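The structure appears right after this line, and notes come after that.
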Amino acid sequence: MTRSRTSLLRSTLLLSALGALASVAYAADAPGQPQSAISGEKVYERWCAPCHAPGPGHPGTQSLQVKYGGKTPAVLLERTDLSPEAVSVFVRQGLLMMAPFRKTEITDAELAALSAFVARNYKGR
Ligand code: HEC
């Protein structure tokens, strides 16, 4: 094996080790805890904010800006028309470039906390 391939292999191994560490750290406060201990906000920050946070560079926000033309807030957390049930359906089924989230990524308990958090301004229909 050449020197550069070896170092490529090394950095790949290092990266996967870091990834494993990160998931262990994340999992550490998840299992065995009652549902109420799960922070919907943390689930949102981890999985949704990269695409749905305010400002440019967030494809979810940009896409919803185009979709609603400003009639409905493009920023997910500013919406008042999304019920927890609707949020859960979008998360599990996905939409356009937003891939569906599996239960290995967001558990049912995390989804319940997440949907309640995202829909916290929901006024009912
Ligand atoms: C890879 C980027 C991406 C991620 C990550 C993402 N979304 Fe999305 N999401 C989008 C895009 C793009 C749309 C808009 C599709 C469209 O224009 O109809 C969308 C649409 C939605 C909608 C539908 C809103 C509507 O009125 O049509 C909801 C609800 C939603 N996302 C919630 C979430 C939640 C909750 C998470 C975190 C679990 C999440 N999204 C993660 C990109 C993303």
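Residues are referred to by chain and number: the chain letter is A, B, ... according to the order shown in the structure tokens, the number counts from 1 in that chain, and ligands are numbered separately from 1 in the order shown.
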Distance filter 9 Å around ligand 1, atoms: only C-alpha atoms and all ligand atoms, out as an MDAnalysis selection string: chainID A and resid 43:52 58:68 72 74 76 79 81:83 86:92 94:101 106 111 114:115 118
Going by DSSP on the backbone, which bits of segment 32-122 of chain A are helix (DSSP H, G or I)? Write them as a PyMOL selection string, please. chain A and resi 35-37+40-47+49-52+59-68+76-78+84-93+108-118
Could you save the residues just selected, with C-alpha atoms, as a PDB file, in the first residue's frame?
ATOM      1  CA  GLN A  35     -40.446  10.304  27.430  1.00  0.00           C
ATOM      2  CA  SER A  36     -40.797  13.597  29.288  1.00  0.00           C
ATOM      3  CA  ALA A  37     -37.001  13.778  29.681  1.00  0.00           C
ATOM      4  CA  GLY A  40     -37.971  18.123  21.498  1.00  0.00           C
ATOM      5  CA  GLU A  41     -35.816  21.203  21.081  1.00  0.00           C
ATOM      6  CA  LYS A  42     -32.638  19.120  21.105  1.00  0.00           C
ATOM      7  CA  VAL A  43     -34.084  16.715  18.543  1.00  0.00           C
ATOM      8  CA  TYR A  44     -35.027  19.729  16.411  1.00  0.00           C
ATOM      9  CA  GLU A  45     -31.578  21.299  16.719  1.00  0.00           C
ATOM     10  CA  ARG A  46     -29.894  18.075  15.696  1.00  0.00           C
ATOM     11  CA  TRP A  47     -32.083  16.964  12.796  1.00  0.00           C
ATOM     12  CA  ALA A  49     -32.338  23.181  12.190  1.00  0.00           C
ATOM     13  CA  PRO A  50     -29.675  22.580   9.499  1.00  0.00           C
ATOM     14  CA  CYS A  51     -32.435  22.931   6.886  1.00  0.00           C
ATOM     15  CA  HIS A  52     -35.160  24.864   8.699  1.00  0.00           C
ATOM     16  CA  PRO A  59     -32.930  24.686   1.999  1.00  0.00           C
ATOM     17  CA  GLY A  60     -36.097  23.936   4.002  1.00  0.00           C
ATOM     18  CA  THR A  61     -36.636  27.590   4.847  1.00  0.00           C
ATOM     19  CA  GLN A  62     -35.859  28.657   1.273  1.00  0.00           C
ATOM     20  CA  SER A  63     -38.160  26.054  -0.230  1.00  0.00           C
ATOM     21  CA  LEU A  64     -41.033  26.999   2.081  1.00  0.00           C
ATOM     22  CA  GLN A  65     -40.461  30.660   1.216  1.00  0.00           C
ATOM     23  CA  VAL A  66     -41.035  29.798  -2.429  1.00  0.00           C
ATOM     24  CA  LYS A  67     -43.906  27.411  -1.671  1.00  0.00           C
ATOM     25  CA  TYR A  68     -45.955  29.913   0.345  1.00  0.00           C
ATOM     26  CA  LEU A  76     -40.748  26.223  10.691  1.00  0.00           C
ATOM     27  CA  LEU A  77     -40.703  27.362  14.322  1.00  0.00           C
ATOM     28  CA  GLU A  78     -42.743  30.470  13.460  1.00  0.00           C
ATOM     29  CA  PRO A  84     -48.093  17.858  16.137  1.00  0.00           C
ATOM     30  CA  GLU A  85     -49.737  15.142  14.024  1.00  0.00           C
ATOM     31  CA  ALA A  86     -48.913  16.970  10.798  1.00  0.00           C
ATOM     32  CA  VAL A  87     -45.286  17.449  11.859  1.00  0.00           C
ATOM     33  CA  SER A  88     -44.997  13.730  12.655  1.00  0.00           C
ATOM     34  CA  VAL A  89     -46.368  12.761   9.238  1.00  0.00           C
ATOM     35  CA  PHE A  90     -43.951  15.057   7.384  1.00  0.00           C
ATOM     36  CA  VAL A  91     -41.014  13.749   9.423  1.00  0.00           C
ATOM     37  CA  ARG A  92     -41.808  10.068   8.801  1.00  0.00           C
ATOM     38  CA  GLN A  93     -42.836  10.470   5.154  1.00  0.00           C
ATOM     39  CA  ASP A 108     -41.143   7.398  18.319  1.00  0.00           C
ATOM     40  CA  ALA A 109     -40.618   9.002  21.734  1.00  0.00           C
ATOM     41  CA  GLU A 110     -38.249  11.578  20.240  1.00  0.00           C
ATOM     42  CA  LEU A 111     -40.738  12.232  17.446  1.00  0.00           C
ATOM     43  CA  ALA A 112     -43.513  12.894  19.961  1.00  0.00           C
ATOM     44  CA  ALA A 113     -41.316  15.401  21.819  1.00  0.00           C
ATOM     45  CA  LEU A 114     -40.122  16.951  18.546  1.00  0.00           C
ATOM     46  CA  SER A 115     -43.627  17.322  17.118  1.00  0.00           C
ATOM     47  CA  ALA A 116     -44.889  18.905  20.331  1.00  0.00           C
ATOM     48  CA  PHE A 117     -41.951  21.341  20.232  1.00  0.00           C
ATOM     49  CA  VAL A 118     -42.308  22.315  16.574  1.00  0.00           C
TER      50      VAL A 118
END
